[in-house]
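protein.txt (compact mmCIF, C-alpha atoms)
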# COMPACT_ATOMS: atom_id res chain seq x y z
CA MET A 1 25.62 -30.59 22.79
CA ILE A 2 22.80 -28.86 20.98
CA ASP A 3 20.79 -25.96 22.35
CA VAL A 4 17.12 -26.76 21.80
CA LEU A 5 14.69 -23.84 21.90
CA TYR A 6 10.91 -23.86 22.12
CA PHE A 7 8.47 -21.09 21.26
CA ALA A 8 4.75 -20.36 21.67
CA TRP A 9 2.62 -23.38 22.57
CA LEU A 10 5.56 -25.79 22.26
CA ARG A 11 7.30 -23.79 24.99
CA GLU A 12 4.17 -23.88 27.11
CA ARG A 13 3.55 -27.62 26.70
CA ILE A 14 7.17 -28.51 27.36
CA GLY A 15 7.51 -25.97 30.15
CA LEU A 16 10.95 -24.84 28.99
CA ARG A 17 12.31 -22.01 26.81
CA ARG A 18 15.51 -23.92 26.09
CA GLU A 19 17.48 -26.96 27.12
CA SER A 20 20.92 -28.30 26.26
CA VAL A 21 20.75 -31.79 24.81
CA GLU A 22 23.57 -34.32 24.53
CA THR A 23 22.70 -36.21 21.37
CA GLN A 24 24.07 -38.27 18.51
CA ALA A 25 20.91 -37.69 16.45
CA ALA A 26 21.75 -37.49 12.75
CA THR A 27 18.73 -35.44 11.72
CA VAL A 28 16.09 -33.18 13.21
CA ALA A 29 13.60 -36.06 13.01
CA ASP A 30 15.96 -38.27 15.04
CA LEU A 31 16.32 -35.47 17.61
CA VAL A 32 12.54 -35.16 17.86
CA ALA A 33 12.26 -38.90 18.54
CA GLU A 34 14.76 -38.55 21.39
CA LEU A 35 13.08 -35.44 22.80
CA ARG A 36 9.68 -37.19 22.91
CA THR A 37 11.06 -39.67 25.45
CA ARG A 38 11.90 -36.85 27.87
CA GLY A 39 8.41 -36.65 29.32
CA GLU A 40 4.73 -36.23 28.71
CA GLY A 41 4.98 -32.54 27.83
CA HIS A 42 7.64 -33.22 25.23
CA ASP A 43 5.68 -36.17 23.82
CA LEU A 44 2.51 -34.09 23.54
CA ALA A 45 4.31 -31.12 21.98
CA PHE A 46 5.62 -33.27 19.14
CA ALA A 47 2.49 -35.43 18.70
CA ASP A 48 1.50 -33.69 15.46
CA LEU A 49 4.59 -32.72 13.49
CA ALA A 50 2.46 -31.16 10.76
CA ALA A 51 1.84 -28.38 13.29
CA VAL A 52 5.52 -27.92 14.12
CA ARG A 53 8.16 -25.89 12.28
CA VAL A 54 11.91 -26.09 12.86
CA ALA A 55 14.89 -23.79 12.48
CA VAL A 56 18.44 -25.14 12.44
CA ASP A 57 21.06 -22.60 13.49
CA GLN A 58 18.38 -19.93 13.06
CA GLU A 59 17.41 -20.83 9.51
CA LEU A 60 14.11 -22.52 8.65
CA ALA A 61 14.77 -26.20 7.89
CA ALA A 62 13.04 -29.50 7.19
CA PHE A 63 12.77 -32.43 9.58
CA ASP A 64 15.27 -34.40 7.53
CA ALA A 65 17.92 -31.67 7.94
CA PRO A 66 21.25 -33.09 9.20
CA LEU A 67 22.51 -32.03 12.63
CA ARG A 68 26.27 -32.48 12.10
CA GLY A 69 28.03 -29.37 13.46
CA VAL A 70 24.74 -27.74 14.43
CA ARG A 71 24.63 -25.68 17.63
CA GLU A 72 20.99 -24.59 17.89
CA VAL A 73 17.68 -26.17 16.92
CA ALA A 74 14.39 -24.38 17.53
CA PHE A 75 10.84 -25.78 17.42
CA PHE A 76 7.72 -23.67 17.08
CA PRO A 77 4.26 -23.55 15.50
CA PRO A 78 3.61 -21.98 12.09
CA MET A 79 4.49 -18.32 12.34
CA THR A 80 1.82 -15.65 12.74
CA GLY A 81 3.60 -12.33 12.44
CA GLY A 82 2.63 -9.22 10.55
CA MET B 83 -25.83 30.19 -23.08
CA ILE B 84 -23.32 27.53 -22.20
CA ASP B 85 -20.12 28.14 -20.23
CA VAL B 86 -17.31 26.42 -22.10
CA LEU B 87 -14.13 25.67 -20.12
CA TYR B 88 -10.69 24.64 -21.38
CA PHE B 89 -7.86 23.02 -19.45
CA ALA B 90 -4.18 22.18 -19.95
CA TRP B 91 -3.01 22.37 -23.58
CA LEU B 92 -6.52 23.06 -24.88
CA ARG B 93 -6.58 26.17 -22.69
CA GLU B 94 -3.14 27.18 -23.98
CA ARG B 95 -3.98 26.62 -27.68
CA ILE B 96 -7.29 28.44 -27.45
CA GLY B 97 -5.88 31.15 -25.19
CA LEU B 98 -8.93 31.18 -22.94
CA ARG B 99 -9.88 29.53 -19.63
CA ARG B 100 -13.59 29.90 -20.37
CA GLU B 101 -16.02 31.55 -22.70
CA SER B 102 -19.80 31.92 -22.80
CA VAL B 103 -21.27 30.53 -25.99
CA GLU B 104 -24.71 31.23 -27.47
CA THR B 105 -25.53 27.97 -29.21
CA GLN B 106 -28.33 25.75 -30.47
CA ALA B 107 -25.98 22.75 -30.70
CA ALA B 108 -27.81 19.54 -29.88
CA THR B 109 -24.76 17.53 -28.81
CA VAL B 110 -21.18 18.06 -27.64
CA ALA B 111 -19.98 17.10 -31.12
CA ASP B 112 -22.18 19.81 -32.65
CA LEU B 113 -20.78 22.32 -30.16
CA VAL B 114 -17.21 21.32 -31.08
CA ALA B 115 -18.00 21.91 -34.77
CA GLU B 116 -19.25 25.42 -33.92
CA LEU B 117 -16.27 26.17 -31.66
CA ARG B 118 -13.79 25.20 -34.39
CA THR B 119 -15.06 28.07 -36.55
CA ARG B 120 -14.13 30.58 -33.84
CA GLY B 121 -10.49 30.81 -34.91
CA GLU B 122 -7.25 29.04 -35.62
CA GLY B 123 -6.54 28.22 -31.96
CA HIS B 124 -9.94 26.65 -31.52
CA ASP B 125 -9.62 24.72 -34.76
CA LEU B 126 -6.19 23.38 -33.82
CA ALA B 127 -7.26 22.44 -30.28
CA PHE B 128 -10.05 20.22 -31.61
CA ALA B 129 -8.12 18.82 -34.60
CA ASP B 130 -7.67 15.41 -32.95
CA LEU B 131 -10.72 14.55 -30.89
CA ALA B 132 -9.16 11.24 -29.81
CA ALA B 133 -6.88 13.39 -27.62
CA VAL B 134 -9.74 15.38 -26.09
CA ARG B 135 -12.01 14.49 -23.18
CA VAL B 136 -15.21 16.27 -22.25
CA ALA B 137 -17.23 16.85 -19.09
CA VAL B 138 -20.84 17.99 -19.24
CA ASP B 139 -22.01 19.81 -16.11
CA GLN B 140 -18.87 18.50 -14.38
CA GLU B 141 -19.42 14.82 -15.19
CA LEU B 142 -17.32 12.96 -17.75
CA ALA B 143 -19.32 12.48 -20.91
CA ALA B 144 -19.12 11.31 -24.53
CA PHE B 145 -19.11 13.52 -27.63
CA ASP B 146 -22.62 12.44 -28.49
CA ALA B 147 -23.95 13.65 -25.12
CA PRO B 148 -27.00 15.95 -25.54
CA LEU B 149 -26.72 19.59 -24.48
CA ARG B 150 -30.36 20.35 -23.69
CA GLY B 151 -30.46 22.14 -20.31
CA VAL B 152 -26.69 21.96 -19.90
CA ARG B 153 -24.92 24.92 -18.28
CA GLU B 154 -21.23 23.98 -18.43
CA VAL B 155 -19.11 21.99 -20.89
CA ALA B 156 -15.38 21.46 -20.29
CA PHE B 157 -12.75 20.23 -22.73
CA PHE B 158 -9.37 18.86 -21.68
CA PRO B 159 -6.74 16.23 -22.53
CA PRO B 160 -6.70 12.76 -20.89
CA MET B 161 -6.18 13.23 -17.18
CA THR B 162 -2.80 12.71 -15.54
CA GLY B 163 -3.33 13.00 -11.81
CA GLY B 164 -2.00 10.86 -9.00
CA MET C 165 18.59 0.31 8.96
CA PRO C 166 16.07 -1.68 6.95
CA ALA C 167 14.53 -3.57 9.90
CA ARG C 168 13.87 -3.03 13.59
CA ILE C 169 12.44 -5.48 16.10
CA GLN C 170 11.38 -3.76 19.28
CA GLN C 171 9.10 -3.91 22.29
CA ALA C 172 8.51 -0.17 22.41
CA ALA C 173 5.64 1.53 20.64
CA PHE C 174 6.53 3.55 17.55
CA ASP C 175 5.01 6.60 15.86
CA ALA C 176 3.99 5.37 12.41
CA GLY C 177 3.67 8.87 10.95
CA ALA C 178 7.05 10.01 12.27
CA GLU C 179 8.65 6.80 10.99
CA ALA C 180 7.08 7.31 7.57
CA ASN C 181 8.34 10.90 7.44
CA ALA C 182 11.86 9.90 8.51
CA PHE C 183 11.82 7.16 5.86
CA ALA C 184 10.67 9.63 3.19
CA ALA C 185 13.28 12.22 4.20
CA GLY C 186 16.10 9.79 3.49
CA LEU C 187 15.07 9.00 -0.06
CA ALA C 188 16.41 10.26 -3.36
CA GLY C 189 14.70 9.49 -6.64
CA ALA C 190 11.58 7.87 -5.23
CA GLY C 191 8.27 8.74 -6.85
CA ALA C 192 6.11 6.44 -4.74
CA ILE C 193 6.02 5.52 -1.06
CA VAL C 194 3.69 2.86 0.30
CA THR C 195 3.26 2.18 3.99
CA PHE C 196 1.37 -0.58 5.72
CA THR C 197 0.55 -0.45 9.43
CA GLY C 198 -0.97 -3.39 11.29
CA ILE C 199 -3.19 -2.52 14.27
CA VAL C 200 -4.47 -4.71 17.13
CA ARG C 201 -8.21 -5.13 16.52
CA GLY C 202 -10.55 -5.60 19.47
CA ASP C 203 -12.66 -8.32 17.84
CA GLY C 204 -14.51 -10.72 20.13
CA GLY C 205 -13.68 -8.76 23.25
CA LEU C 206 -9.92 -9.05 22.75
CA LEU C 207 -8.07 -7.28 25.55
CA ALA C 208 -4.48 -7.52 24.35
CA LEU C 209 -2.11 -9.32 22.07
CA GLU C 210 1.09 -10.95 23.29
CA ILE C 211 3.73 -11.33 20.59
CA GLU C 212 6.57 -13.78 21.14
CA HIS C 213 9.56 -13.91 18.82
CA TYR C 214 12.88 -15.70 18.34
CA PRO C 215 15.45 -13.04 19.19
CA GLY C 216 18.44 -14.74 17.59
CA MET C 217 16.68 -15.25 14.30
CA THR C 218 14.06 -12.54 13.86
CA LEU C 219 16.11 -9.56 12.74
CA ARG C 220 18.19 -11.53 10.24
CA ALA C 221 15.09 -13.20 8.80
CA VAL C 222 13.31 -9.87 8.36
CA GLU C 223 16.40 -8.26 6.85
CA ALA C 224 16.60 -11.14 4.39
CA PHE C 225 13.01 -10.46 3.29
CA VAL C 226 13.82 -6.78 2.85
CA ASP C 227 16.86 -7.68 0.75
CA ALA C 228 14.75 -10.04 -1.37
CA ALA C 229 12.09 -7.35 -1.91
CA THR C 230 14.71 -4.73 -2.79
CA LEU C 231 16.27 -6.97 -5.42
CA ARG C 232 13.00 -8.06 -6.88
CA PHE C 233 11.09 -4.78 -7.12
CA SER C 234 13.54 -1.98 -8.02
CA LEU C 235 13.10 -0.31 -4.65
CA THR C 236 14.77 2.90 -3.60
CA ASP C 237 14.50 1.80 0.03
CA ALA C 238 12.43 -0.36 2.38
CA LEU C 239 11.79 -0.47 6.12
CA VAL C 240 10.17 -2.98 8.47
CA ILE C 241 9.40 -2.30 12.14
CA HIS C 242 7.86 -5.17 14.12
CA ARG C 243 7.02 -5.15 17.81
CA HIS C 244 6.95 -7.96 20.36
CA GLY C 245 5.60 -8.20 23.89
CA ARG C 246 2.16 -7.16 25.10
CA LEU C 247 0.11 -4.81 22.89
CA ALA C 248 -3.24 -3.24 23.72
CA VAL C 249 -6.16 -2.95 21.32
CA GLY C 250 -5.59 -0.08 18.90
CA GLU C 251 -1.79 -0.19 19.15
CA ALA C 252 0.33 -0.57 16.03
CA ILE C 253 1.89 -4.05 15.79
CA MET C 254 4.19 -3.41 12.88
CA MET C 255 4.76 -1.33 9.81
CA VAL C 256 6.31 -1.73 6.40
CA ALA C 257 7.41 1.15 4.20
CA THR C 258 8.59 0.81 0.61
CA ALA C 259 9.84 3.45 -1.81
CA ALA C 260 10.35 3.07 -5.54
CA PRO C 261 10.55 5.22 -8.65
CA HIS C 262 7.16 3.80 -9.73
CA ARG C 263 4.09 2.96 -7.70
CA GLY C 264 3.62 -0.59 -8.98
CA ASP C 265 6.91 -1.64 -7.42
CA ALA C 266 6.20 0.11 -4.13
CA PHE C 267 2.77 -1.54 -3.80
CA ALA C 268 4.00 -5.00 -4.84
CA ALA C 269 7.00 -4.88 -2.51
CA ALA C 270 4.87 -3.89 0.50
CA ASP C 271 2.44 -6.72 -0.27
CA PHE C 272 5.34 -9.16 -0.75
CA LEU C 273 6.94 -8.15 2.56
CA MET C 274 3.63 -8.57 4.39
CA ASP C 275 3.16 -12.05 2.97
CA TRP C 276 6.64 -13.10 4.08
CA LEU C 277 6.34 -11.49 7.50
CA LYS C 278 3.03 -13.27 8.09
CA SER C 279 4.32 -16.74 7.35
CA ARG C 280 8.11 -16.80 7.58
CA ALA C 281 9.21 -14.35 10.25
CA PRO C 282 9.49 -16.02 13.68
CA PHE C 283 6.67 -14.21 15.49
CA TRP C 284 3.76 -15.84 17.29
CA LYS C 285 0.65 -14.03 18.43
CA LYS C 286 -1.39 -14.94 21.48
CA GLU C 287 -4.82 -13.38 21.95
CA ILE C 288 -5.72 -12.42 25.51
CA GLY C 289 -9.48 -12.19 25.90
CA PRO C 290 -12.04 -12.05 28.69
CA SER C 291 -12.31 -15.85 28.86
CA GLY C 292 -8.65 -16.76 28.52
CA GLU C 293 -5.66 -16.85 26.23
CA ALA C 294 -5.19 -18.61 22.90
CA TRP C 295 -2.41 -18.77 20.32
CA VAL C 296 -3.46 -17.45 16.94
CA ALA C 297 -3.51 -20.28 14.41
CA ALA C 298 -1.73 -19.76 11.12
CA ARG C 299 -4.16 -19.61 8.22
CA ASP C 300 -3.72 -21.71 5.10
CA SER C 301 -4.46 -18.57 3.09
CA ASP C 302 -1.36 -16.90 4.54
CA GLU C 303 0.79 -19.84 3.48
CA ASP C 304 -0.88 -19.93 0.06
CA ALA C 305 -0.16 -16.22 -0.39
CA LEU C 306 3.55 -16.99 -0.64
CA THR C 307 3.01 -18.97 -3.82
CA ARG C 308 2.02 -15.70 -5.54
CA TRP C 309 5.64 -14.59 -5.59
CA MET D 310 -13.59 14.54 5.20
CA PRO D 311 -12.64 11.81 2.74
CA ALA D 312 -10.97 14.09 0.16
CA ARG D 313 -9.06 17.36 0.10
CA ILE D 314 -7.83 19.27 -2.94
CA GLN D 315 -5.32 21.93 -1.97
CA GLN D 316 -2.42 24.03 -3.15
CA ALA D 317 -0.59 23.93 0.19
CA ALA D 318 1.97 21.29 1.08
CA PHE D 319 0.87 18.65 3.58
CA ASP D 320 2.72 16.55 6.16
CA ALA D 321 2.13 12.96 5.05
CA GLY D 322 3.14 11.46 8.40
CA ALA D 323 0.91 13.81 10.39
CA GLU D 324 -1.98 13.15 7.99
CA ALA D 325 -1.48 9.39 8.35
CA ASN D 326 -1.47 9.66 12.14
CA ALA D 327 -4.60 11.83 12.18
CA PHE D 328 -6.29 9.34 9.86
CA ALA D 329 -5.28 6.42 12.12
CA ALA D 330 -6.43 8.22 15.26
CA GLY D 331 -9.96 8.52 13.94
CA LEU D 332 -10.43 4.82 13.22
CA ALA D 333 -12.26 2.15 15.16
CA GLY D 334 -11.99 -1.51 14.24
CA ALA D 335 -9.30 -1.20 11.59
CA GLY D 336 -6.57 -3.83 11.55
CA ALA D 337 -4.74 -2.55 8.49
CA ILE D 338 -3.81 0.90 7.21
CA VAL D 339 -2.19 1.44 3.82
CA THR D 340 -0.88 4.80 2.67
CA PHE D 341 0.44 5.83 -0.70
CA THR D 342 2.36 9.06 -1.22
CA GLY D 343 3.34 10.33 -4.66
CA ILE D 344 6.52 12.40 -4.85
CA VAL D 345 7.83 14.70 -7.62
CA ARG D 346 10.84 12.92 -9.13
CA GLY D 347 13.69 14.92 -10.62
CA ASP D 348 14.15 12.72 -13.68
CA GLY D 349 15.72 14.30 -16.74
CA GLY D 350 16.59 17.52 -14.97
CA LEU D 351 12.98 18.25 -14.03
CA LEU D 352 12.79 21.49 -12.05
CA ALA D 353 9.15 21.55 -11.02
CA LEU D 354 5.73 20.17 -11.76
CA GLU D 355 2.70 22.40 -12.41
CA ILE D 356 -0.61 20.73 -11.67
CA GLU D 357 -3.78 22.19 -13.13
CA HIS D 358 -7.22 20.99 -12.08
CA TYR D 359 -10.92 21.65 -12.66
CA PRO D 360 -12.06 23.25 -9.42
CA GLY D 361 -15.79 22.72 -9.90
CA MET D 362 -15.40 19.03 -10.63
CA THR D 363 -12.32 17.74 -8.85
CA LEU D 364 -13.51 17.35 -5.29
CA ARG D 365 -16.79 15.68 -6.24
CA ALA D 366 -15.01 13.30 -8.63
CA VAL D 367 -12.46 12.29 -6.02
CA GLU D 368 -15.15 11.86 -3.36
CA ALA D 369 -17.05 9.63 -5.77
CA PHE D 370 -13.95 7.41 -6.15
CA VAL D 371 -13.59 7.23 -2.36
CA ASP D 372 -17.26 6.25 -2.05
CA ALA D 373 -16.82 3.57 -4.71
CA ALA D 374 -13.73 2.17 -2.96
CA THR D 375 -15.45 2.18 0.43
CA LEU D 376 -18.41 0.22 -0.92
CA ARG D 377 -16.31 -2.23 -2.84
CA PHE D 378 -13.60 -3.10 -0.32
CA SER D 379 -15.13 -3.17 3.18
CA LEU D 380 -13.17 -0.13 4.27
CA THR D 381 -13.27 1.40 7.72
CA ASP D 382 -12.24 4.73 6.22
CA ALA D 383 -10.38 6.29 3.31
CA LEU D 384 -8.69 9.62 2.61
CA VAL D 385 -7.34 11.31 -0.51
CA ILE D 386 -5.29 14.52 -0.49
CA HIS D 387 -4.24 15.91 -3.88
CA ARG D 388 -2.35 19.12 -4.50
CA HIS D 389 -2.44 21.52 -7.43
CA GLY D 390 -0.20 24.42 -8.43
CA ARG D 391 3.58 24.43 -8.67
CA LEU D 392 5.49 21.65 -6.88
CA ALA D 393 9.26 21.34 -6.53
CA VAL D 394 11.22 18.10 -6.92
CA GLY D 395 10.91 15.99 -3.78
CA GLU D 396 7.56 17.45 -2.72
CA ALA D 397 4.57 15.22 -2.10
CA ILE D 398 1.97 15.53 -4.87
CA MET D 399 -0.79 13.54 -3.23
CA MET D 400 -1.56 10.80 -0.78
CA VAL D 401 -4.13 8.09 -0.32
CA ALA D 402 -4.85 6.34 2.98
CA THR D 403 -7.13 3.35 3.38
CA ALA D 404 -8.12 1.45 6.51
CA ALA D 405 -9.87 -1.89 6.70
CA PRO D 406 -10.31 -4.77 9.13
CA HIS D 407 -8.09 -6.89 6.83
CA ARG D 408 -5.01 -5.98 4.87
CA GLY D 409 -6.15 -7.33 1.49
CA ASP D 410 -8.95 -4.77 1.37
CA ALA D 411 -6.70 -1.91 2.47
CA PHE D 412 -4.09 -2.70 -0.21
CA ALA D 413 -6.64 -3.27 -2.99
CA ALA D 414 -8.55 -0.09 -2.17
CA ALA D 415 -5.39 2.04 -2.21
CA ASP D 416 -4.40 0.56 -5.56
CA PHE D 417 -7.94 1.07 -6.91
CA LEU D 418 -8.01 4.71 -5.78
CA MET D 419 -4.63 5.37 -7.41
CA ASP D 420 -5.79 3.89 -10.71
CA TRP D 421 -8.90 6.09 -10.71
CA LEU D 422 -7.04 9.22 -9.63
CA LYS D 423 -4.50 8.71 -12.42
CA SER D 424 -7.04 8.46 -15.23
CA ARG D 425 -10.36 9.91 -14.12
CA ALA D 426 -9.70 12.77 -11.72
CA PRO D 427 -9.45 16.12 -13.56
CA PHE D 428 -5.78 16.89 -12.93
CA TRP D 429 -3.18 17.66 -15.57
CA LYS D 430 0.56 17.71 -14.97
CA LYS D 431 3.02 19.92 -16.77
CA GLU D 432 6.73 19.23 -16.43
CA ILE D 433 8.97 22.28 -16.16
CA GLY D 434 12.53 21.41 -17.17
CA PRO D 435 15.72 23.21 -18.10
CA SER D 436 14.74 23.32 -21.79
CA GLY D 437 11.08 24.21 -21.47
CA GLU D 438 7.68 23.02 -20.38
CA ALA D 439 5.63 20.06 -21.56
CA TRP D 440 2.29 18.54 -20.59
CA VAL D 441 2.62 14.98 -19.35
CA ALA D 442 0.93 12.58 -21.77
CA ALA D 443 -1.50 10.05 -20.36
CA ARG D 444 -0.19 6.53 -20.71
CA ASP D 445 -2.24 3.74 -22.23
CA SER D 446 -1.16 1.58 -19.31
CA ASP D 447 -2.91 3.95 -16.89
CA GLU D 448 -6.12 3.67 -18.88
CA ASP D 449 -5.72 -0.10 -19.14
CA ALA D 450 -5.27 -0.33 -15.36
CA LEU D 451 -8.92 0.65 -14.90
CA THR D 452 -10.06 -2.52 -16.62
CA ARG D 453 -8.64 -4.48 -13.67
CA TRP D 454 -11.52 -3.36 -11.44
Please render this file's structure as structure tokens.
Amino acid sequence: MIDVLYFAWLRERIGLRRESVETQAATVADLVAELRTRGEGHDLAFADLAAVRVAVDQELAAFDAPLRGVREVAFFPPMTGG
Amino acid sequence: MIDVLYFAWLRERIGLRRESVETQAATVADLVAELRTRGEGHDLAFADLAAVRVAVDQELAAFDAPLRGVREVAFFPPMTGG
Amino acid sequence: MPARIQQAAFDAGAEANAFAAGLAGAGAIVTFTGIVRGDGGLLALEIEHYPGMTLRAVEAFVDAATLRFSLTDALVIHRHGRLAVGEAIMMVATAAPHRGDAFAAADFLMDWLKSRAPFWKKEIGPSGEAWVAARDSDEDALTRW
Amino acid sequence: MPARIQQAAFDAGAEANAFAAGLAGAGAIVTFTGIVRGDGGLLALEIEHYPGMTLRAVEAFVDAATLRFSLTDALVIHRHGRLAVGEAIMMVATAAPHRGDAFAAADFLMDWLKSRAPFWKKEIGPSGEAWVAARDSDEDALTRW
């Protein structure tokens, strides 16, 4: 079980702040492929991965990051703080 | 008559904050040459002109600046504000 | 406490004074305060963040700045939630023996906060709401360091 | 009033807040505060200035910065007289729509104040007094602009 979190427009498109996902996905990219099958909102949110950033267990990561032992994956657009 | 002002170590070496000088000096450099004859303190203060800055009527100037019509000349070391 | 993430407004001047009062050996203090601008009829800004990650990420930037720039101390305050035009969004304060380090560290922290801290801004205007897009120039700024 | 030259201490936080309160359209405020450091047993700093020239010179730097960096506003406060270790010597505040301008203008003003404003610092230590020598690096800094 992995907690998947969404922020900003990914949260709005998917309509969820978080969901628990039962998955055997080996990498973030594999997880994204699974998530896209969950519905139209999910599919749309991940349509352009160049516009999506990911954090694995609350650290910024790449889409090829492994998910073994991971508890939390978050997806969000490029950050705009400051 | 020109008001001549001294600041920082020039003031201390010369022992004066200001003095009124009757002069026909054409340039700041000419004025310095005259001032150096006023005594040992004056002579010492102007011994190394590379360490002296000048303002003519309260604007930074060069040693070849003309003195025609000038009312105030100030001598001081390189500035160290901020 | 080098970083605070909060919804509440803060008093930038009082924070700067409290920061300065705790220093020993600093010769230079730089502060940066970001303010909500009312461009294009903007009514408010809504700032979302990632609670589990934000504070640690910001503290990591502060640690990196402190190591890199011989700082005496550094502080980041960043708000989330709804902010009206004219309100302070965030502030950075840096203190160092010499001014070059204090300026560079504040600039460095701003670059990292802009592009690597998990905050997202939404502009609320008269004709609707829109997420602020990240600018390439913000990302490029990180390559300076 | 873009510049003040004064003997009295000032409250940097209160000055920064007053500066911020008077702004419209600024998105970024940068402040710099210079503090007397107690290096080498320093007891106090004595700052001499050229009363007839100082304020106009500093105002001219503020005008130059405002023109050059799209500033909303700028402020310089610089003290003279005797200052104890830990006291604020001076402060600069700059406000601009964008942070790059606010940072650059504060840095620019500091470079000019260091080398072209008629102030002279004397260090008063346990073994005597000595005028602070200008550093070549301060003079060189002006060539950046």
Could you work out how far atom CA of Thr27 of chain A lies from atom CA of Asp48 of chain A, giving the answer in Å with one decimal?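 Calculated distance between atom CA of Asp48 of chain A and atom CA of Thr27 of chain A is 17.7 Å.
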Spatial neighbours of Pro290 of chain C, max dist 10 Å, only C-alpha atoms, sep filter under 5 positions, as an MDAnalysis selection string: chainID C and resid 204:208
Taking 5 positions as the minimum chain separation for residues in the same chain, which residues sit within 8 Å of Pro160 of chain B when counting all atoms listed in the file? Answer as a CSV table (one decimal) with C-alpha atoms, in the coordinates of the input.
chain,number,residue,atom,x,y,z
B,133,ALA,CA,-6.9,13.4,-27.6
B,134,VAL,CA,-9.7,15.4,-26.1
B,135,ARG,CA,-12.0,14.5,-23.2
D,424,SER,CA,-7.0,8.5,-15.2
D,442,ALA,CA,0.9,12.6,-21.8
D,443,ALA,CA,-1.5,10.0,-20.4
Set the distance at 12 Å and use all atoms listed in the file: which residues neighbour Arg453 of chain D once local chain neighbours fewer than 6 positions away are removed? I'd like the list as an NGL selection string. :D and (413 or 416-417 or 420-421 or 446-447)
List as a list in words the protein and nucleic acid residues near Gly202 of chain C, meaning an atom at most 10 Å away when only C-alpha atoms are counted, but skip any in the same chain fewer than 5 places from it.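 The contact residues come out as Leu207, Ala208, Leu209, Ala248, Val249, Gly250, Glu287 and Gly289 of chain C; Ala333, Gly334, Ala335 and Gly336 of chain D.
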Should the cut-off be 7 Å, what would the residue list for chain C against chain D look like, counting all atoms listed in the file, as a ChimeraX atom specification? /C:176-178,180-181,189-202
Using atom CA of Ser234 of chain C and atom CA of Ala450 of chain D as the two end points, give the distance in Å to one decimal.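 Atom-to-atom, atom CA of Ser234 of chain C to atom CA of Ala450 of chain D, that is 20.3 Å.
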Could you tell me how far atom CA of Thr119 of chain B sits from atom CA of Pro148 of chain B, in Å to one decimal place?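 Spanning atom CA of Pro148 of chain B to atom CA of Thr119 of chain B is a straight-line distance of 20.3 Å.
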Identify every residue of chain A that has at least one atom within 9 Å of any atom of chain C, counting all atoms listed in the file, and report the result as a compact mmCIF listing (two decimals) with C-alpha atoms, keeping the file's coordinate frame.
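Resulting contents of iface30.txt:
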# COMPACT_ATOMS: atom_id res chain seq x y z
CA PHE A 7 8.47 -21.09 21.26
CA ALA A 8 4.75 -20.36 21.67
CA TRP A 9 2.62 -23.38 22.57
CA ALA A 55 14.89 -23.79 12.48
CA ASP A 57 21.06 -22.60 13.49
CA GLN A 58 18.38 -19.93 13.06
CA GLU A 59 17.41 -20.83 9.51
CA LEU A 60 14.11 -22.52 8.65
CA ALA A 74 14.39 -24.38 17.53
CA PHE A 76 7.72 -23.67 17.08
CA PRO A 77 4.26 -23.55 15.50
CA PRO A 78 3.61 -21.98 12.09
CA MET A 79 4.49 -18.32 12.34
CA THR A 80 1.82 -15.65 12.74
CA GLY A 81 3.60 -12.33 12.44
CA GLY A 82 2.63 -9.22 10.55
Taking all atoms of segment 354-371 of chain D that appear in the file, build a box with edges along x, y and z, extend it by 6 Å on every side, and state its centre and edge lengths in Å to one decimal, as JSON.
{"center_x": -5.7, "center_y": 15.2, "center_z": -7.7, "size_x": 34.8, "size_y": 28.0, "size_z": 22.8}
Residues within 9 Å of Val138 of chain B, please, as a PyMOL selection string. Count all atoms listed in the file; anything in the same chain fewer than 4 positions from it doesn't count. chain B and resi 110+142-144+147+149+152-156
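For the choices B:Arg95, B:Arg100, B:Arg150, B:Asp112, the atom-to-atom distance to Ala129 of chain B is smallest for B:Arg95 when using all atoms listed in the file.
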